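Chemist: Below are the structure tokens for one structure; questions will follow.
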Amino acid sequence: MKKLIILYCLLLMYGSVAYAQECYPNQAGKYQYYLNMQGDVAKTFNKATLIHLLSQSKAVSKTSLETLEAAIETAAKSFPTAKTALLQKSVTMISAKDNLTEALAQFKDVFSFVEKLCFPKDMLLYEPNDFAIGGNHPKTHLELIKAPGAWDISKGDSRIAIGITDTYMDPNHDEFKNKLTLLQNSSFVDHHGVAVAGCAAADTDNGIGIAAAGFHSSIVFSSQAFSDNVVLQMAQMQGVRVINCSWINNCSHSVTQQAVYDEIRNVHNVLVVAGAGNKPTHCGDNAYVYPAAYNSVVSVTSVGHTNNVGHVNPTNGNKMNWKDCHEQTIGSVASTHHHNNKVNIAAPGYQVFTTYANNGYGYGWGTSFASPIVAGVCALVAAVNPCLTATEIQNIVLSTADPSLYLIPENANYTGLLGTGRVDAEAAVKRAFDLGTVYVQNQTYNGTTNTETAQTMLKAGYNVDNSQPFGNVIIKSGSNVTFRATHKIVFGENFKIENNAVFKAKIYQSTCF
């Protein structure tokens, strides 16, 4: 029997260089450095290799070498599977010391550059359990983004996987046991990863629990959150087209990190979606957070979804969770999640009903939950037209977002800071479908062999496309013509096949899965 858990929390965000230029270690009290080497980096690279290179440097002294050898705890090749030249020369170094950047940078014949990544002051953030009043709103977030309209076009495809790196997954949950590939799981039971996965692609149309934007999309999950290398490796797995990161692992721009997420999108054809941040302790008030702020990543902030604009709670007079409003509590800037000019899009992120550990369900607040909703929409787009590139999927989802939220007076203070608008699943999926549609019009096949192929739908007839000159479609005697499409083939007026012509219409499986 399922347990219903109502927890008004789950805002897990990691980060690195904290706001006010402060820098905190990770939970183990360690600092991480990216060292970009002048020479090649073998897969067997370790601390001994690094110390040897330093000892051969023109900049070395006995004192400096002894100091660094004592401070360096581990060193290893950062991204063993990377394709980008810069990443192939990256080494990850771990130390308890936070002040090694300048000392290492002196070794110019060893390093091209040195970067330190740090975590924010608060690594694991829970909002207090009285942050908002719970309610039974299990599907209003899906209705707001027009998910049912998108599902009329595409219900997703299990061959399209949403990668999720987070804290913990409940593999026996009714919403995941039939659609989950679990790479690694934590022994510590935590709700955050389960809740994130539920927003992205809980088992939908199964008669129990909840629905999710990604519908039939499958899930690849790893509990190794906060690791750029794990995200890179996941991007190279068969079927993964979208990866959700509901966490932060850096508060300042990193050349190395940017190269990682550029490679993921541009080389491995996978789109990363990430939360824009929630609190001042997420790098500062409305600060840039990473990886969300990189151009190759979709950065997601939150809007409300349960109440119509203007709604006042008759019991307590609260004005909360208005549809498409950025403020959770109307009139309170402090109740918002991050908004800045690196945010790309908005999605429901307050009081989102989702899955919890131990086969449970509950509510979550944060861009941790807005982000996977957008990831689910991206998976729908990829499913309807799998030949789209990651950049094309990104452009489709952002360009079809509903900008009308900027017309709401309560959002006046956030003009231009909520991205292109609130995600619109129906418009995005329709745009992807339309981009894959081929129109055959005003065309005569005169004794030739031809194949017309559409990535989604093929329409043939006198006036199936207003952008082309109207005209009949005639397959004349002696022709051999095949129409191919992955979804459907539609014949309009004045489509004619003459005697002694060969014509075939075929629905085929896309080779882009």
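Ordering of the structure tokens sets the chain letters (A, B, ...); residue numbers start at 1 within each chain; ligands are numbered from 1 in the order shown.
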Tell me, as a ChimeraX atom specification, which residues lie within 8 Å of Phe176 (chain A), counting only C-alpha atoms; anything in the same chain fewer than 6 positions away does not count.
Modeler: /A:170,202-203
Chemist: Would you put the residues from that selection into a file with N, CA and C atoms, as a CSV table (one decimal), in the first residue's frame?
Modeler:
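Listing of out_9.csv after writing:
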chain,number,residue,atom,x,y,z
A,170,ASP,N,14.4,5.1,-5.5
A,170,ASP,CA,13.7,4.0,-4.9
A,170,ASP,C,13.4,3.0,-6.1
A,202,ALA,N,7.7,9.8,-14.1
A,202,ALA,CA,7.0,8.8,-13.4
A,202,ALA,C,6.2,8.0,-14.4
A,203,ASP,N,6.0,6.7,-14.1
A,203,ASP,CA,5.2,5.8,-15.0
A,203,ASP,C,3.8,6.4,-15.2
Chemist: For region 60-62 of chain A, find every residue with an atom within 12 Å (counting only C-alpha atoms), except residues of its own chain fewer than 2 positions away, and show them as a ChimeraX atom specification.
Modeler: /A:51-58,64-69,103-110
Chemist: Emit the selected residues as a PDB file, in the first residue's frame, including N, CA and C atoms.
Modeler:
ATOM      1  N   ILE A  51      53.415  14.843  -8.882  1.00  0.00           N
ATOM      2  CA  ILE A  51      54.591  15.270  -8.114  1.00  0.00           C
ATOM      3  C   ILE A  51      55.846  15.166  -8.975  1.00  0.00           C
ATOM      4  N   HIS A  52      55.934  14.113  -9.782  1.00  0.00           N
ATOM      5  CA  HIS A  52      57.100  13.956 -10.670  1.00  0.00           C
ATOM      6  C   HIS A  52      57.171  15.115 -11.666  1.00  0.00           C
ATOM      7  N   LEU A  53      56.054  15.481 -12.258  1.00  0.00           N
ATOM      8  CA  LEU A  53      56.052  16.588 -13.217  1.00  0.00           C
ATOM      9  C   LEU A  53      56.451  17.895 -12.547  1.00  0.00           C
ATOM     10  N   LEU A  54      55.949  18.116 -11.337  1.00  0.00           N
ATOM     11  CA  LEU A  54      56.316  19.323 -10.610  1.00  0.00           C
ATOM     12  C   LEU A  54      57.809  19.347 -10.286  1.00  0.00           C
ATOM     13  N   SER A  55      58.343  18.196  -9.974  1.00  0.00           N
ATOM     14  CA  SER A  55      59.767  18.123  -9.618  1.00  0.00           C
ATOM     15  C   SER A  55      60.675  18.429 -10.797  1.00  0.00           C
ATOM     16  N   GLN A  56      60.168  18.242 -12.021  1.00  0.00           N
ATOM     17  CA  GLN A  56      60.952  18.502 -13.224  1.00  0.00           C
ATOM     18  C   GLN A  56      60.782  19.933 -13.729  1.00  0.00           C
ATOM     19  N   SER A  57      59.916  20.701 -13.081  1.00  0.00           N
ATOM     20  CA  SER A  57      59.604  22.050 -13.545  1.00  0.00           C
ATOM     21  C   SER A  57      60.736  23.021 -13.227  1.00  0.00           C
ATOM     22  N   LYS A  58      60.877  24.029 -14.091  1.00  0.00           N
ATOM     23  CA  LYS A  58      61.857  25.077 -13.863  1.00  0.00           C
ATOM     24  C   LYS A  58      61.473  25.931 -12.653  1.00  0.00           C
ATOM     25  N   SER A  64      58.801  24.412  -2.058  1.00  0.00           N
ATOM     26  CA  SER A  64      57.491  24.405  -2.717  1.00  0.00           C
ATOM     27  C   SER A  64      57.047  22.995  -3.033  1.00  0.00           C
ATOM     28  N   LEU A  65      57.965  22.147  -3.436  1.00  0.00           N
ATOM     29  CA  LEU A  65      57.602  20.773  -3.771  1.00  0.00           C
ATOM     30  C   LEU A  65      57.150  20.017  -2.526  1.00  0.00           C
ATOM     31  N   GLU A  66      57.833  20.185  -1.432  1.00  0.00           N
ATOM     32  CA  GLU A  66      57.450  19.507  -0.191  1.00  0.00           C
ATOM     33  C   GLU A  66      56.092  20.000   0.301  1.00  0.00           C
ATOM     34  N   THR A  67      55.866  21.305   0.167  1.00  0.00           N
ATOM     35  CA  THR A  67      54.589  21.873   0.599  1.00  0.00           C
ATOM     36  C   THR A  67      53.434  21.313  -0.223  1.00  0.00           C
ATOM     37  N   LEU A  68      53.614  21.281  -1.536  1.00  0.00           N
ATOM     38  CA  LEU A  68      52.558  20.774  -2.407  1.00  0.00           C
ATOM     39  C   LEU A  68      52.350  19.275  -2.227  1.00  0.00           C
ATOM     40  N   GLU A  69      53.429  18.543  -2.077  1.00  0.00           N
ATOM     41  CA  GLU A  69      53.298  17.088  -1.899  1.00  0.00           C
ATOM     42  C   GLU A  69      52.500  16.777  -0.639  1.00  0.00           C
ATOM     43  N   ALA A 103      49.907  29.017  -5.973  1.00  0.00           N
ATOM     44  CA  ALA A 103      51.132  28.220  -5.909  1.00  0.00           C
ATOM     45  C   ALA A 103      51.263  27.306  -7.124  1.00  0.00           C
ATOM     46  N   LEU A 104      50.157  26.703  -7.536  1.00  0.00           N
ATOM     47  CA  LEU A 104      50.191  25.809  -8.694  1.00  0.00           C
ATOM     48  C   LEU A 104      50.375  26.581  -9.999  1.00  0.00           C
ATOM     49  N   ALA A 105      49.792  27.766 -10.053  1.00  0.00           N
ATOM     50  CA  ALA A 105      49.870  28.558 -11.283  1.00  0.00           C
ATOM     51  C   ALA A 105      51.297  28.988 -11.608  1.00  0.00           C
ATOM     52  N   GLN A 106      52.201  28.937 -10.638  1.00  0.00           N
ATOM     53  CA  GLN A 106      53.599  29.285 -10.892  1.00  0.00           C
ATOM     54  C   GLN A 106      54.277  28.282 -11.835  1.00  0.00           C
ATOM     55  N   PHE A 107      53.721  27.085 -11.911  1.00  0.00           N
ATOM     56  CA  PHE A 107      54.331  26.025 -12.727  1.00  0.00           C
ATOM     57  C   PHE A 107      53.778  26.112 -14.157  1.00  0.00           C
ATOM     58  N   LYS A 108      54.152  27.166 -14.859  1.00  0.00           N
ATOM     59  CA  LYS A 108      53.595  27.424 -16.181  1.00  0.00           C
ATOM     60  C   LYS A 108      54.043  26.404 -17.220  1.00  0.00           C
ATOM     61  N   ASP A 109      55.149  25.726 -16.968  1.00  0.00           N
ATOM     62  CA  ASP A 109      55.592  24.689 -17.901  1.00  0.00           C
ATOM     63  C   ASP A 109      54.904  23.349 -17.630  1.00  0.00           C
ATOM     64  N   VAL A 110      54.095  23.292 -16.576  1.00  0.00           N
ATOM     65  CA  VAL A 110      53.334  22.075 -16.254  1.00  0.00           C
ATOM     66  C   VAL A 110      51.842  22.270 -16.538  1.00  0.00           C
TER      67      VAL A 110
END
Chemist: Name all residues at most 10 Å from region 226-239 of chain A (count only C-alpha atoms; drop same-chain ones fewer than 4 positions away) and give them as an MDAnalysis selection string.
Modeler: chainID A and resid 13:15 78:82 158:167 183 218:222 243:250 256:257 260:261 263:265 267:272 291 512:513
Chemist: So that I have them on file, write out the residues from the current selection with C-alpha atoms, as a tab-separated table (two decimals), in the first residue's frame.
Modeler:
chain	number	residue	atom	x	y	z
A	13	MET	CA	21.52	22.20	-4.39
A	14	TYR	CA	25.25	21.85	-4.41
A	15	GLY	CA	27.60	24.61	-5.42
A	78	SER	CA	39.30	14.26	-14.89
A	79	PHE	CA	37.38	12.99	-17.91
A	80	PRO	CA	38.72	9.68	-19.27
A	81	THR	CA	36.02	9.46	-21.96
A	82	ALA	CA	36.13	13.09	-23.14
A	158	SER	CA	10.99	4.32	-23.92
A	159	ARG	CA	13.94	4.42	-26.33
A	160	ILE	CA	14.44	8.05	-25.29
A	161	ALA	CA	16.02	8.11	-21.84
A	162	ILE	CA	16.21	10.98	-19.36
A	163	GLY	CA	19.45	10.78	-17.44
A	164	ILE	CA	19.29	11.90	-13.82
A	165	THR	CA	22.22	12.28	-11.44
A	166	ASP	CA	20.98	12.89	-7.91
A	167	THR	CA	20.95	11.47	-4.39
A	183	LEU	CA	23.66	2.77	-12.60
A	218	SER	CA	12.70	5.85	-19.64
A	219	ILE	CA	15.08	6.89	-16.85
A	220	VAL	CA	18.79	6.29	-16.37
A	221	PHE	CA	19.71	7.17	-12.78
A	222	SER	CA	22.95	7.56	-10.88
A	243	ILE	CA	20.09	14.83	-18.60
A	244	ASN	CA	18.62	16.61	-15.59
A	245	CYS	CA	20.84	18.20	-12.95
A	246	SER	CA	18.83	19.44	-9.96
A	247	TRP	CA	21.98	20.58	-8.22
A	248	ILE	CA	24.80	23.13	-8.33
A	249	ASN	CA	28.50	22.31	-8.19
A	250	ASN	CA	30.03	25.69	-8.92
A	256	THR	CA	36.95	23.37	-17.91
A	257	GLN	CA	33.35	22.97	-16.85
A	260	VAL	CA	32.35	19.59	-20.44
A	261	TYR	CA	28.81	20.81	-21.05
A	263	GLU	CA	30.93	18.64	-25.42
A	264	ILE	CA	27.84	16.97	-23.97
A	265	ARG	CA	25.55	19.01	-26.22
A	267	VAL	CA	29.57	16.22	-29.53
A	268	HIS	CA	27.35	13.68	-27.75
A	269	ASN	CA	24.07	15.29	-28.85
A	270	VAL	CA	22.58	15.34	-25.34
A	271	LEU	CA	20.84	18.33	-23.77
A	272	VAL	CA	21.43	19.13	-20.09
A	291	PRO	CA	26.11	24.18	-14.61
A	512	CYS	CA	17.76	8.14	-35.19
A	513	PHE	CA	16.77	6.36	-31.98
Chemist: Taking only C-alpha atoms into account, name the residue in A:Ala71, A:Leu86, A:Val114, A:Leu182 that is nearest to Asp98 (chain A).
Modeler: A:Ala71
Chemist: Restricting the calculation to only C-alpha atoms: of A:Ala225, A:Val297, A:Cys387, A:Ile507, which residue gets closest to Val242 (chain A)?
Modeler: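 Smallest distance to Val242 (chain A) is found for A:Val297.
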Chemist: Please identify the alpha helix (DSSP H) residues within region 60-121 of chain A (assignment by DSSP from backbone atoms) and present them as a list in words.
Modeler: Lys62, Thr63, Ser64, Leu65, Glu66, Thr67, Leu68, Glu69, Ala70, Ala71, Ala85, Leu86, Leu87, Gln88, Thr101, Glu102, Ala103, Leu104 and Ala105 of chain A
Chemist: Save out the residues we just selected, N, CA and C atoms, as a compact mmCIF listing (two decimals), in the first residue's frame.
Modeler:
# COMPACT_ATOMS: atom_id res chain seq x y z
N LYS A 62 62.76 23.12 -3.48
CA LYS A 62 62.57 22.04 -2.52
C LYS A 62 61.42 22.33 -1.58
N THR A 63 61.34 23.58 -1.15
CA THR A 63 60.29 23.96 -0.20
C THR A 63 58.92 23.86 -0.85
N SER A 64 58.80 24.41 -2.06
CA SER A 64 57.49 24.40 -2.72
C SER A 64 57.05 22.99 -3.03
N LEU A 65 57.97 22.15 -3.44
CA LEU A 65 57.60 20.77 -3.77
C LEU A 65 57.15 20.02 -2.53
N GLU A 66 57.83 20.18 -1.43
CA GLU A 66 57.45 19.51 -0.19
C GLU A 66 56.09 20.00 0.30
N THR A 67 55.87 21.30 0.17
CA THR A 67 54.59 21.87 0.60
C THR A 67 53.43 21.31 -0.22
N LEU A 68 53.61 21.28 -1.54
CA LEU A 68 52.56 20.77 -2.41
C LEU A 68 52.35 19.28 -2.23
N GLU A 69 53.43 18.54 -2.08
CA GLU A 69 53.30 17.09 -1.90
C GLU A 69 52.50 16.78 -0.64
N ALA A 70 52.69 17.57 0.40
CA ALA A 70 51.94 17.35 1.64
C ALA A 70 50.48 17.77 1.49
N ALA A 71 50.23 18.76 0.64
CA ALA A 71 48.87 19.30 0.52
C ALA A 71 48.00 18.49 -0.44
N ALA A 85 39.75 18.32 -26.75
CA ALA A 85 41.18 18.35 -26.45
C ALA A 85 41.45 18.96 -25.08
N LEU A 86 40.75 20.05 -24.73
CA LEU A 86 40.97 20.68 -23.44
C LEU A 86 40.64 19.72 -22.30
N LEU A 87 39.56 18.97 -22.42
CA LEU A 87 39.17 18.05 -21.35
C LEU A 87 40.10 16.85 -21.26
N GLN A 88 40.67 16.45 -22.37
CA GLN A 88 41.59 15.32 -22.35
C GLN A 88 42.87 15.65 -21.57
N THR A 101 45.78 27.61 -5.54
CA THR A 101 45.69 28.05 -6.93
C THR A 101 46.91 28.85 -7.36
N GLU A 102 47.31 29.86 -6.57
CA GLU A 102 48.45 30.69 -6.95
C GLU A 102 49.74 29.89 -6.95
N ALA A 103 49.91 29.02 -5.97
CA ALA A 103 51.13 28.22 -5.91
C ALA A 103 51.26 27.31 -7.12
N LEU A 104 50.16 26.70 -7.54
CA LEU A 104 50.19 25.81 -8.69
C LEU A 104 50.37 26.58 -10.00
N ALA A 105 49.79 27.77 -10.05
CA ALA A 105 49.87 28.56 -11.28
C ALA A 105 51.30 28.99 -11.61
Chemist: Name all residues at most 9 Å from Ser186 (chain A) (count only C-alpha atoms; drop same-chain ones fewer than 4 positions away) and give them as a PyMOL selection string.
Modeler: chain A and resi 167-169+190+222-224
Chemist: Output the selection as a short mmCIF file (atom, residue, chain, number, x, y, z; two decimals), in the first residue's frame - N, CA and C atoms for each residue.
Modeler:
data_model
loop_
_atom_site.label_atom_id
_atom_site.label_comp_id
_atom_site.auth_asym_id
_atom_site.auth_seq_id
_atom_site.Cartn_x
_atom_site.Cartn_y
_atom_site.Cartn_z
N THR A 167 20.55 12.02 -5.68
CA THR A 167 20.95 11.47 -4.39
C THR A 167 20.60 10.00 -4.22
N TYR A 168 19.35 9.64 -4.38
CA TYR A 168 18.89 8.28 -4.10
C TYR A 168 17.68 7.99 -4.98
N MET A 169 17.57 6.74 -5.41
CA MET A 169 16.41 6.30 -6.18
C MET A 169 15.77 5.11 -5.48
N ASP A 190 16.94 8.90 0.66
CA ASP A 190 16.68 10.33 0.59
C ASP A 190 15.58 10.55 -0.43
N SER A 222 21.74 7.79 -11.66
CA SER A 222 22.95 7.56 -10.88
C SER A 222 22.91 8.42 -9.64
N SER A 223 23.29 7.85 -8.50
CA SER A 223 23.33 8.61 -7.26
C SER A 223 24.63 9.39 -7.10
N GLN A 224 25.49 9.35 -8.11
CA GLN A 224 26.73 10.14 -8.07
C GLN A 224 26.43 11.55 -8.56
#
Chemist: Quick one: everything within 6 Å of region 351-356 of chain A, counting only C-alpha atoms, minus sequence neighbours fewer than 4 positions away in the same chain. Send it as a ChimeraX atom specification.
Modeler: /A:138,191,194-195,198-199,360-365
Chemist: Nearest to Lys47 (chain A): which of A:Leu144, A:His253, A:Lys77, A:Ile208 is it, counting only C-alpha atoms?
Modeler: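 Among the listed residues, the smallest separation from Lys47 (chain A) belongs to A:Lys77.
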Chemist: To one decimal in Å, tell me the separation between CA of Lys476 (chain A) and CA of Glu493 (chain A).
Modeler: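 These two atoms are separated by 16.5 Å.
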Chemist: Residues of region 75-179 of chain A that have any atom at most 9 Å from an atom of region 421-427 of chain A: could you tabulate them with the shortest-distance atom pair and the distance in Å to one decimal, using only C-alpha atoms, ordered by chain and increasing number, as JSON lines?
Modeler:
{"residue": "A:Leu142", "atom": "CA", "partner": "A:Ala425", "partner_atom": "CA", "distance": 9.0}
{"residue": "A:Leu144", "atom": "CA", "partner": "A:Asp424", "partner_atom": "CA", "distance": 8.2}
{"residue": "A:Ile145", "atom": "CA", "partner": "A:Asp424", "partner_atom": "CA", "distance": 4.9}
{"residue": "A:Lys146", "atom": "CA", "partner": "A:Glu426", "partner_atom": "CA", "distance": 5.6}
{"residue": "A:Ala147", "atom": "CA", "partner": "A:Ala425", "partner_atom": "CA", "distance": 5.4}
{"residue": "A:Pro148", "atom": "CA", "partner": "A:Glu426", "partner_atom": "CA", "distance": 7.6}
{"residue": "A:Gly149", "atom": "CA", "partner": "A:Glu426", "partner_atom": "CA", "distance": 5.1}
{"residue": "A:Ala150", "atom": "CA", "partner": "A:Glu426", "partner_atom": "CA", "distance": 3.9}
{"residue": "A:Trp151", "atom": "CA", "partner": "A:Glu426", "partner_atom": "CA", "distance": 7.7}
{"residue": "A:Asp152", "atom": "CA", "partner": "A:Glu426", "partner_atom": "CA", "distance": 8.6}
{"residue": "A:Ile153", "atom": "CA", "partner": "A:Glu426", "partner_atom": "CA", "distance": 8.1}
Chemist: Taking only C-alpha atoms into account, name the residue in A:Val273, A:Ala48, A:Val333, A:Leu117 that is nearest to Val300 (chain A).
Modeler: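 Of the candidates, the smallest distance to Val300 (chain A) is held by A:Val273.
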Chemist: Quick one: pull the distance between CA of Gln394 (chain A) and CA of Thr420 (chain A), Å, one decimal.
Modeler: 11.8 Å
Chemist: Would you mind reading off the distance between CA of Gly310 (chain A) and CA of Trp322 (chain A), one decimal, in Å?
Modeler: 7.4 Å
Chemist: If we count only C-alpha atoms, what is near Lys97 (chain A) at a cut-off of 12 Å, once residues fewer than 2 positions away on the same chain are taken out, given as an mmCIF file with C-alpha atoms, in the first residue's frame?
Modeler:
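selection.cif, written as the output of this step:
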data_model
loop_
_atom_site.group_PDB
_atom_site.id
_atom_site.type_symbol
_atom_site.label_atom_id
_atom_site.label_comp_id
_atom_site.auth_asym_id
_atom_site.auth_seq_id
_atom_site.Cartn_x
_atom_site.Cartn_y
_atom_site.Cartn_z
ATOM 1 C CA CYS A 23 34.539 29.292 -0.822
ATOM 2 C CA TYR A 24 33.568 26.271 1.218
ATOM 3 C CA PRO A 25 34.807 22.666 1.062
ATOM 4 C CA ASN A 26 32.606 19.710 0.249
ATOM 5 C CA GLY A 29 36.060 19.020 4.021
ATOM 6 C CA LYS A 30 38.004 18.894 0.742
ATOM 7 C CA TYR A 31 38.551 21.281 -2.173
ATOM 8 C CA GLN A 32 38.565 20.290 -5.814
ATOM 9 C CA TYR A 33 40.899 21.773 -8.419
ATOM 10 C CA THR A 67 54.589 21.873 0.599
ATOM 11 C CA LEU A 68 52.558 20.774 -2.407
ATOM 12 C CA GLU A 69 53.298 17.088 -1.899
ATOM 13 C CA ALA A 70 51.940 17.354 1.641
ATOM 14 C CA ALA A 71 48.872 19.296 0.518
ATOM 15 C CA ILE A 72 47.855 17.169 -2.478
ATOM 16 C CA GLU A 73 45.751 14.174 -1.468
ATOM 17 C CA MET A 93 43.182 17.292 -7.762
ATOM 18 C CA ILE A 94 41.755 17.004 -4.230
ATOM 19 C CA SER A 95 43.204 18.811 -1.235
ATOM 20 C CA ASN A 99 44.812 28.309 -1.197
ATOM 21 C CA LEU A 100 46.781 26.285 -3.750
ATOM 22 C CA THR A 101 45.686 28.054 -6.930
ATOM 23 C CA ALA A 103 51.132 28.220 -5.909
ATOM 24 C CA LYS A 116 39.420 25.799 -8.049
ATOM 25 C CA CYS A 118 34.154 25.056 -4.273
#
Chemist: Pick from A:Ile475, A:Asn266, A:Ile396, A:Val196: nearest to Ser371 (chain A), with only C-alpha atoms counted?
Modeler: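 Looking only at the distances to Ser371 (chain A), the closest residue turns out to be A:Val196.
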Chemist: Can you tell me, as a list in words, which residues in region 44-117 of chain A count as strand (DSSP E or B) by DSSP?
Modeler: Ile72, Glu73, Thr74, Ala75, Ala76, Lys77, Ser90, Val91, Thr92, Met93, Ile94, Ser95, Phe111, Ser112, Phe113, Val114, Glu115, Lys116 and Leu117 of chain A
Chemist: Export, as a PDB file, in the first residue's frame, the selected residues with N, CA and C atoms.
Modeler:
ATOM      1  N   ILE A  72      48.620  17.901  -1.458  1.00  0.00           N
ATOM      2  CA  ILE A  72      47.855  17.169  -2.478  1.00  0.00           C
ATOM      3  C   ILE A  72      47.471  15.800  -1.939  1.00  0.00           C
ATOM      4  N   GLU A  73      46.212  15.478  -1.959  1.00  0.00           N
ATOM      5  CA  GLU A  73      45.751  14.174  -1.468  1.00  0.00           C
ATOM      6  C   GLU A  73      45.586  13.174  -2.608  1.00  0.00           C
ATOM      7  N   THR A  74      44.897  13.583  -3.678  1.00  0.00           N
ATOM      8  CA  THR A  74      44.732  12.694  -4.832  1.00  0.00           C
ATOM      9  C   THR A  74      44.798  13.519  -6.104  1.00  0.00           C
ATOM     10  N   ALA A  75      45.126  12.846  -7.182  1.00  0.00           N
ATOM     11  CA  ALA A  75      45.102  13.457  -8.514  1.00  0.00           C
ATOM     12  C   ALA A  75      44.773  12.356  -9.513  1.00  0.00           C
ATOM     13  N   ALA A  76      43.910  12.688 -10.473  1.00  0.00           N
ATOM     14  CA  ALA A  76      43.505  11.691 -11.471  1.00  0.00           C
ATOM     15  C   ALA A  76      43.011  12.400 -12.721  1.00  0.00           C
ATOM     16  N   LYS A  77      43.045  11.693 -13.825  1.00  0.00           N
ATOM     17  CA  LYS A  77      42.518  12.231 -15.077  1.00  0.00           C
ATOM     18  C   LYS A  77      41.048  12.566 -14.873  1.00  0.00           C
ATOM     19  N   SER A  90      42.792  17.510 -18.759  1.00  0.00           N
ATOM     20  CA  SER A  90      42.372  17.964 -17.441  1.00  0.00           C
ATOM     21  C   SER A  90      42.642  16.916 -16.367  1.00  0.00           C
ATOM     22  N   VAL A  91      43.149  17.386 -15.233  1.00  0.00           N
ATOM     23  CA  VAL A  91      43.395  16.536 -14.062  1.00  0.00           C
ATOM     24  C   VAL A  91      42.597  17.103 -12.890  1.00  0.00           C
ATOM     25  N   THR A  92      41.937  16.232 -12.141  1.00  0.00           N
ATOM     26  CA  THR A  92      41.224  16.642 -10.934  1.00  0.00           C
ATOM     27  C   THR A  92      42.105  16.370  -9.722  1.00  0.00           C
ATOM     28  N   MET A  93      42.348  17.395  -8.965  1.00  0.00           N
ATOM     29  CA  MET A  93      43.182  17.292  -7.762  1.00  0.00           C
ATOM     30  C   MET A  93      42.334  17.603  -6.539  1.00  0.00           C
ATOM     31  N   ILE A  94      42.491  16.827  -5.482  1.00  0.00           N
ATOM     32  CA  ILE A  94      41.755  17.004  -4.230  1.00  0.00           C
ATOM     33  C   ILE A  94      42.735  17.363  -3.124  1.00  0.00           C
ATOM     34  N   SER A  95      42.350  18.374  -2.339  1.00  0.00           N
ATOM     35  CA  SER A  95      43.204  18.811  -1.235  1.00  0.00           C
ATOM     36  C   SER A  95      42.343  19.383  -0.122  1.00  0.00           C
ATOM     37  N   PHE A 111      51.310  23.439 -16.162  1.00  0.00           N
ATOM     38  CA  PHE A 111      49.869  23.688 -16.288  1.00  0.00           C
ATOM     39  C   PHE A 111      49.591  24.814 -17.288  1.00  0.00           C
ATOM     40  N   SER A 112      48.558  24.640 -18.089  1.00  0.00           N
ATOM     41  CA  SER A 112      48.062  25.738 -18.931  1.00  0.00           C
ATOM     42  C   SER A 112      47.259  26.707 -18.076  1.00  0.00           C
ATOM     43  N   PHE A 113      46.433  26.167 -17.179  1.00  0.00           N
ATOM     44  CA  PHE A 113      45.718  26.991 -16.221  1.00  0.00           C
ATOM     45  C   PHE A 113      45.247  26.103 -15.075  1.00  0.00           C
ATOM     46  N   VAL A 114      44.896  26.761 -13.956  1.00  0.00           N
ATOM     47  CA  VAL A 114      44.434  26.063 -12.749  1.00  0.00           C
ATOM     48  C   VAL A 114      43.131  26.711 -12.306  1.00  0.00           C
ATOM     49  N   GLU A 115      42.117  25.889 -12.001  1.00  0.00           N
ATOM     50  CA  GLU A 115      40.827  26.388 -11.515  1.00  0.00           C
ATOM     51  C   GLU A 115      40.455  25.656 -10.232  1.00  0.00           C
ATOM     52  N   LYS A 116      39.917  26.408  -9.287  1.00  0.00           N
ATOM     53  CA  LYS A 116      39.420  25.799  -8.049  1.00  0.00           C
ATOM     54  C   LYS A 116      37.901  25.818  -8.063  1.00  0.00           C
ATOM     55  N   LEU A 117      37.301  24.682  -7.783  1.00  0.00           N
ATOM     56  CA  LEU A 117      35.854  24.590  -7.630  1.00  0.00           C
ATOM     57  C   LEU A 117      35.543  24.402  -6.155  1.00  0.00           C
TER      58      LEU A 117
END
